[in-house]
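Heads up, the thing below is written out as structure tokens.
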Amino acid sequence: MQETADLDGAAVVFAGVRGRLFGIAYRMTGSVADAEDLVQETWLRWQNCDRSAVADPGAYLATAITRLAINAGQTARARRETYVGPWLPEPVDTSADPQLGAERSAALEFAVLLLLEKLSPTERAAYVLREAFDYPYPQIAEIVRTTEAAARQLVSRGRKRLAAERRAPVSAPEQRRLLSAFVAAARVGDLSALEELFAADVVSYSDGGGVVRASRIPVHGAKTVAKYLRAFASRFWAGVDVAWVEANGGPGALLRRDGEAIAMVTLTSSADGIEQLLWVLNPGKLAAITEP
């Protein structure tokens, strides 16, 4: 009976921080499935550890899942080298939890998750813990097994890397307007309207994962992307219904045919126009995004 009561208490503690644990793992992996696996592995460790010796369960669990995610990041990079076509993060519905268990919504947008892929797993962990969860530097240092000074450098490098490679984004209402205008122009193949929406160096990424038909290389340039979209507009958009969703804290268009989700498209944009089109076509990545 005592053991059952102890385990029940452990489950209550774990449930209280589960959202934060998932938020850390998702930002570290860009994958709902991988994040859930890491949460489950952390739960097993919590079950089997000497909980009477743990002074701060929240800190213990955050440390455990972050270290697991750092290790997972090493193998994920190897997997993505053999991924068929461009790899995109798995979209997650943030309508119920806009910040996904965090103090702030940082490191959640598609554009930022893609840039985080360029950091080392340890740099990514330090950046996520500081920018999204506001962990103090001494605690970040303990979690990633380094000094406080080194932890500050890890976060600083992450900030500089992202700032150097990203233009200032537009407001949320403007983002929604651009996505709506893009869908309207793309579904009829309106070449001039598309070109007007695009930044000159726009890039279109299509993640089919080798499961469905999709371009296996990014498509670059306003004229080329517009012509590419017009070429398959009549086939791709036939019978498609559009549902507007909140994905990763921003607007997304969930595309359905005969009631089945076939794609989600979102974009990144600046004052220059749409900079990235992000097409998630891999069916295995669409389960976590639903109509609100």
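We label chains A, B, ... in the order they appear in the structure tokens, count residues from 1 in each chain, and number ligands from 1 in the order shown.
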Neighbouring residues of stretch 174-186 of chain A were defined as those with any atom within 10 Å, considering only C-alpha atoms; residues of the same chain fewer than 4 positions away were excluded. Please report them as a CSV table (one decimal) with N, CA, C and O atoms, in the first residue's frame.
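Once everything was written out, this is result37.csv:
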chain,number,residue,atom,x,y,z
A,169,PRO,N,10.6,39.8,-38.1
A,169,PRO,CA,9.3,39.3,-38.6
A,169,PRO,C,8.2,40.3,-38.6
A,169,PRO,O,8.3,41.3,-37.9
A,170,VAL,N,7.1,40.1,-39.4
A,170,VAL,CA,6.0,41.0,-39.4
A,170,VAL,C,5.1,40.7,-38.2
A,170,VAL,O,5.3,39.7,-37.5
A,190,ASP,N,-2.3,32.1,-59.5
A,190,ASP,CA,-2.2,33.5,-59.9
A,190,ASP,C,-0.8,34.0,-59.9
A,190,ASP,O,-0.3,34.4,-58.8
A,191,LEU,N,-0.1,33.9,-61.0
A,191,LEU,CA,1.3,34.2,-61.0
A,191,LEU,C,1.7,35.6,-60.5
A,191,LEU,O,2.6,35.7,-59.7
A,192,SER,N,1.1,36.6,-61.0
A,192,SER,CA,1.4,38.0,-60.6
A,192,SER,C,1.1,38.2,-59.1
A,192,SER,O,1.9,38.9,-58.4
A,193,ALA,N,0.0,37.7,-58.6
A,193,ALA,CA,-0.3,37.9,-57.2
A,193,ALA,C,0.7,37.2,-56.3
A,193,ALA,O,1.1,37.7,-55.3
A,194,LEU,N,1.2,36.0,-56.7
A,194,LEU,CA,2.2,35.3,-56.0
A,194,LEU,C,3.5,36.1,-55.9
A,194,LEU,O,4.1,36.2,-54.9
A,195,GLU,N,3.9,36.5,-57.1
A,195,GLU,CA,5.2,37.3,-57.1
A,195,GLU,C,5.1,38.5,-56.3
A,195,GLU,O,6.1,38.9,-55.7
A,196,GLU,N,4.0,39.2,-56.2
A,196,GLU,CA,3.8,40.4,-55.4
A,196,GLU,C,4.0,40.1,-53.9
A,196,GLU,O,4.4,40.9,-53.1
A,197,LEU,N,3.5,38.9,-53.5
A,197,LEU,CA,3.6,38.5,-52.1
A,197,LEU,C,5.0,38.1,-51.7
A,197,LEU,O,5.3,38.2,-50.5
A,198,PHE,N,5.8,37.6,-52.6
A,198,PHE,CA,7.1,37.0,-52.3
A,198,PHE,C,8.2,38.0,-52.1
A,198,PHE,O,8.3,39.0,-52.9
A,226,ALA,N,6.8,31.0,-57.9
A,226,ALA,CA,5.5,31.3,-58.4
A,226,ALA,C,5.1,30.4,-59.6
A,226,ALA,O,4.0,29.9,-59.6
A,229,LEU,N,4.5,26.8,-58.3
A,229,LEU,CA,3.2,26.7,-57.7
A,229,LEU,C,2.1,26.7,-58.7
A,229,LEU,O,1.1,25.9,-58.6
A,230,ARG,N,2.2,27.5,-59.7
A,230,ARG,CA,1.2,27.5,-60.8
A,230,ARG,C,1.1,26.2,-61.5
A,230,ARG,O,0.1,25.7,-62.0
A,232,PHE,N,1.5,23.1,-60.6
A,232,PHE,CA,0.7,22.0,-60.1
A,232,PHE,C,-0.6,22.5,-59.4
A,232,PHE,O,-1.3,21.7,-58.7
A,233,ALA,N,-1.0,23.7,-59.5
A,233,ALA,CA,-2.1,24.3,-58.8
A,233,ALA,C,-3.4,23.5,-59.1
A,233,ALA,O,-4.2,23.1,-58.2
A,234,SER,N,-3.7,23.2,-60.4
A,234,SER,CA,-5.0,22.6,-60.7
A,234,SER,C,-5.1,21.2,-60.2
A,234,SER,O,-6.2,20.7,-59.8
A,236,PHE,N,-3.1,19.9,-57.5
A,236,PHE,CA,-2.9,19.8,-56.0
A,236,PHE,C,-4.1,20.3,-55.3
A,236,PHE,O,-4.6,19.8,-54.2
A,237,TRP,N,-4.7,21.4,-55.7
A,237,TRP,CA,-5.8,22.1,-55.0
A,237,TRP,C,-7.2,21.6,-55.3
A,237,TRP,O,-8.2,22.0,-54.6
A,242,VAL,N,-9.8,24.2,-46.8
A,242,VAL,CA,-8.8,24.9,-46.0
A,242,VAL,C,-9.3,25.2,-44.6
A,242,VAL,O,-10.4,25.8,-44.5
A,244,TRP,N,-8.2,27.0,-41.0
A,244,TRP,CA,-7.2,27.9,-40.4
A,244,TRP,C,-6.9,27.4,-39.0
A,244,TRP,O,-7.8,27.3,-38.2
A,250,GLY,N,1.7,30.5,-34.4
A,250,GLY,CA,1.4,31.3,-35.6
A,250,GLY,C,0.3,30.7,-36.4
A,250,GLY,O,-0.1,29.6,-36.2
A,251,PRO,N,-0.1,31.4,-37.5
A,251,PRO,CA,-1.2,30.9,-38.3
A,251,PRO,C,-0.7,29.8,-39.3
A,251,PRO,O,0.5,29.8,-39.7
A,252,GLY,N,-1.5,28.8,-39.5
A,252,GLY,CA,-1.3,27.8,-40.5
A,252,GLY,C,-2.5,27.4,-41.2
A,252,GLY,O,-3.6,27.7,-40.8
A,253,ALA,N,-2.3,26.9,-42.4
A,253,ALA,CA,-3.5,26.4,-43.2
A,253,ALA,C,-3.4,24.9,-43.3
A,253,ALA,O,-2.5,24.4,-43.9
A,265,VAL,N,0.4,24.2,-44.4
A,265,VAL,CA,1.4,25.2,-45.0
A,265,VAL,C,1.4,26.4,-44.0
A,265,VAL,O,0.4,26.8,-43.5
A,266,THR,N,2.6,26.8,-43.7
A,266,THR,CA,2.8,28.0,-43.0
A,266,THR,C,3.9,28.8,-43.7
A,266,THR,O,4.5,28.3,-44.6
A,267,LEU,N,4.2,30.0,-43.2
A,267,LEU,CA,5.2,30.8,-43.8
A,267,LEU,C,5.9,31.7,-42.8
A,267,LEU,O,5.5,31.9,-41.7
A,268,THR,N,7.1,32.2,-43.2
A,268,THR,CA,7.8,33.2,-42.5
A,268,THR,C,7.9,34.4,-43.4
A,268,THR,O,8.0,34.3,-44.6
A,269,SER,N,7.8,35.6,-42.8
A,269,SER,CA,7.8,36.8,-43.6
A,269,SER,C,8.4,38.0,-42.9
A,269,SER,O,8.5,38.0,-41.7
A,270,SER,N,8.8,38.9,-43.7
A,270,SER,CA,9.4,40.2,-43.1
A,270,SER,C,8.8,41.3,-43.9
A,270,SER,O,7.8,41.1,-44.7
A,271,ALA,N,9.3,42.5,-43.8
A,271,ALA,CA,8.9,43.7,-44.5
A,271,ALA,C,9.0,43.5,-46.0
A,271,ALA,O,8.4,44.2,-46.8
A,273,GLY,N,8.3,40.8,-47.6
A,273,GLY,CA,7.3,39.8,-48.1
A,273,GLY,C,7.5,38.4,-47.6
A,273,GLY,O,8.2,38.2,-46.6
A,274,ILE,N,6.9,37.5,-48.2
A,274,ILE,CA,7.0,36.1,-47.7
A,274,ILE,C,8.4,35.6,-48.1
A,274,ILE,O,8.9,35.6,-49.2
A,277,LEU,N,8.2,29.4,-47.6
A,277,LEU,CA,7.0,28.7,-47.6
A,277,LEU,C,7.3,27.3,-47.0
A,277,LEU,O,8.3,26.7,-47.5
Exercise for the section: For A:Ile289, list every protein, DNA or RNA residue within 8 Å, evaluated using only C-alpha atoms, and leave out those in the same chain fewer than 3 positions away; present the list as a list of chain:residue names. Expected result: A:Pro91, A:Val92, A:Asp93, A:Val245, A:Ala247, A:Leu286
Please produce a file of the residues just selected, as a short mmCIF file (atom, residue, chain, number, x, y, z; two decimals), in the first residue's frame, where the atoms kept are N, CA, C and O atoms.
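Result went into again_25.cif, see below:
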data_model
loop_
_atom_site.label_atom_id
_atom_site.label_comp_id
_atom_site.auth_asym_id
_atom_site.auth_seq_id
_atom_site.Cartn_x
_atom_site.Cartn_y
_atom_site.Cartn_z
N PRO A 91 4.52 20.12 -36.92
CA PRO A 91 3.70 21.19 -36.35
C PRO A 91 2.92 20.72 -35.13
O PRO A 91 2.49 19.57 -35.05
N VAL A 92 2.74 21.63 -34.19
CA VAL A 92 1.98 21.31 -32.99
C VAL A 92 0.92 22.39 -32.78
O VAL A 92 1.16 23.57 -33.03
N ASP A 93 -0.25 21.98 -32.36
CA ASP A 93 -1.37 22.89 -32.11
C ASP A 93 -1.11 23.63 -30.80
O ASP A 93 -1.02 23.01 -29.74
N VAL A 245 -5.62 27.14 -38.73
CA VAL A 245 -5.21 26.59 -37.44
C VAL A 245 -4.13 27.46 -36.82
O VAL A 245 -3.52 28.30 -37.49
N ALA A 247 -0.58 26.98 -35.39
CA ALA A 247 0.52 26.02 -35.35
C ALA A 247 1.78 26.71 -34.85
O ALA A 247 2.20 27.72 -35.42
N LEU A 286 1.37 15.14 -39.41
CA LEU A 286 0.14 15.94 -39.41
C LEU A 286 -0.81 15.59 -38.27
O LEU A 286 -1.79 16.29 -38.05
#
Problem - Pick from A:Ala55, A:Thr42, A:Val240, A:Gly210 nearest to A:Val188, counting only C-alpha atoms - result: A:Val240
Exercise for the section: Mind giving me the straight-line distance from atom CA of A:Tyr228 to atom CA of A:Val203 in Å, one decimal? Expected result: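 Separation of atom CA of A:Tyr228 and atom CA of A:Val203: 11.4 Å.
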Problem - Atomic distance atom CA of A:Ala33 - atom CA of A:Glu165, expressed in Å with one decimal - result: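 Atom CA of A:Ala33 sits 27.8 Å away from atom CA of A:Glu165.
Between A:Gly19 and the residues A:Glu81, A:Asp207, A:Glu36, A:Asp258, the shortest atom-to-atom distance, using only C-alpha atoms, involves A:Glu36.
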Exercise for the section: Mind the document's chain letters and residue numbers, and return as JSON, numbers by chain the residues of stretch 36-253 of chain A that DSSP labels strand (DSSP E). Expected result: {"A": [198, 199, 200, 201, 202, 203, 204, 205, 206, 207, 219, 220, 240, 241, 242, 243, 244, 245, 246, 247, 250, 251, 252, 253]}
Exercise for the section: Using only C-alpha atoms, pick whichever of A:Arg159, A:Arg27, A:Arg257, A:Arg67 has the shortest atom-to-atom distance to A:Glu41. Expected result: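 Of all the options, A:Arg67 lies closest to A:Glu41.
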Problem - Selection: 9 Å around A:Lys227, only C-alpha atoms, excl. self and same-chain fewer than 4 positions, as a PyMOL selection string - result: chain A and resi 189+191+222-223+231
Practice task
Using only C-alpha atoms, determine which residues lie at most 12 Å from A:Gln153, disregarding the query and same-chain residues fewer than 5 positions distant; provide the list as a ChimeraX atom specification.
Solution key: /A:122-124,126-127,130,137,140-141,146-148,158-160
Once you have the residues from the selection above, write them out as a compact mmCIF listing (two decimals), in the first residue's frame, restricted to N, CA, C and O atoms.
# COMPACT_ATOMS: atom_id res chain seq x y z
N THR A 122 23.94 21.04 -27.29
CA THR A 122 24.17 21.73 -26.02
C THR A 122 23.86 23.21 -26.15
O THR A 122 23.25 23.82 -25.25
N GLU A 123 24.25 23.84 -27.25
CA GLU A 123 23.90 25.24 -27.49
C GLU A 123 22.39 25.40 -27.55
O GLU A 123 21.83 26.35 -26.99
N ARG A 124 21.74 24.48 -28.22
CA ARG A 124 20.28 24.54 -28.35
C ARG A 124 19.62 24.42 -26.98
O ARG A 124 18.68 25.17 -26.67
N ALA A 126 20.86 25.19 -23.99
CA ALA A 126 21.08 26.41 -23.21
C ALA A 126 20.18 27.54 -23.69
O ALA A 126 19.58 28.27 -22.89
N TYR A 127 20.07 27.69 -25.01
CA TYR A 127 19.23 28.74 -25.58
C TYR A 127 17.77 28.52 -25.21
O TYR A 127 17.07 29.45 -24.78
N ARG A 130 17.00 29.17 -21.45
CA ARG A 130 17.05 30.58 -21.08
C ARG A 130 15.94 31.39 -21.74
O ARG A 130 15.20 32.12 -21.07
N TYR A 137 21.21 31.28 -15.17
CA TYR A 137 22.43 30.71 -15.75
C TYR A 137 23.09 29.65 -14.87
O TYR A 137 23.58 28.64 -15.40
N ILE A 140 21.22 26.49 -15.63
CA ILE A 140 21.52 26.02 -16.98
C ILE A 140 22.88 25.34 -17.01
O ILE A 140 23.06 24.27 -17.61
N ALA A 141 23.86 25.96 -16.34
CA ALA A 141 25.21 25.39 -16.29
C ALA A 141 25.19 23.99 -15.68
O ALA A 141 25.86 23.07 -16.18
N THR A 146 28.33 22.40 -17.42
CA THR A 146 29.38 23.35 -17.78
C THR A 146 29.46 24.42 -16.70
O THR A 146 28.77 24.34 -15.68
N THR A 147 30.28 25.43 -16.91
CA THR A 147 30.37 26.54 -15.96
C THR A 147 29.32 27.59 -16.29
O THR A 147 28.77 27.62 -17.39
N GLU A 148 29.09 28.48 -15.32
CA GLU A 148 28.12 29.55 -15.57
C GLU A 148 28.58 30.46 -16.71
O GLU A 148 27.78 30.86 -17.56
N GLY A 158 23.89 31.37 -29.41
CA GLY A 158 22.60 31.04 -30.01
C GLY A 158 21.84 32.28 -30.44
O GLY A 158 21.29 32.33 -31.54
N ARG A 159 21.83 33.29 -29.59
CA ARG A 159 21.14 34.55 -29.92
C ARG A 159 21.75 35.19 -31.16
O ARG A 159 21.03 35.65 -32.06
N LYS A 160 23.08 35.25 -31.19
CA LYS A 160 23.75 35.89 -32.32
C LYS A 160 23.50 35.13 -33.61
O LYS A 160 23.31 35.74 -34.67
Practice task
Go through A:Ala151, A:Ala15, A:Ser171, A:Gly30 one by one, measure the shortest atom-to-atom distance of each to A:Leu61 using only C-alpha atoms, and give the residue with the smallest value.
Solution key: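 Looking at the shortest contact to A:Leu61, the residue is A:Ala15.
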Practice task
Quick one: pull the distance between atom CA of A:Ala107 and atom CA of A:Thr29, Å, one decimal.
Solution key: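 Computing it gives 11.2 Å between the two atoms.
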Practice task
Give the answer as one residue: which of A:Ala96, A:Leu44, A:Ala132, A:Val144 has the shortest atom-to-atom distance to A:Thr63, using only C-alpha atoms?
Solution key: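 Of all the options, A:Val144 lies closest to A:Thr63.
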Problem - A:Gly249, A:Pro173, A:Gly58, A:Gly208 ranked by distance to A:Leu278, top pick (using only C-alpha atoms) - result: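 Checking each candidate against A:Leu278, we get A:Gly208 as the closest.
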Practice task
Could you give me the residues within stretch 15-164 of chain A that DSSP places in helix (DSSP H, G or I), as a PyMOL selection string?
Solution key: chain A and resi 15-29+32-48+51-53+57-81+110-116+121-131+137-144+148-164
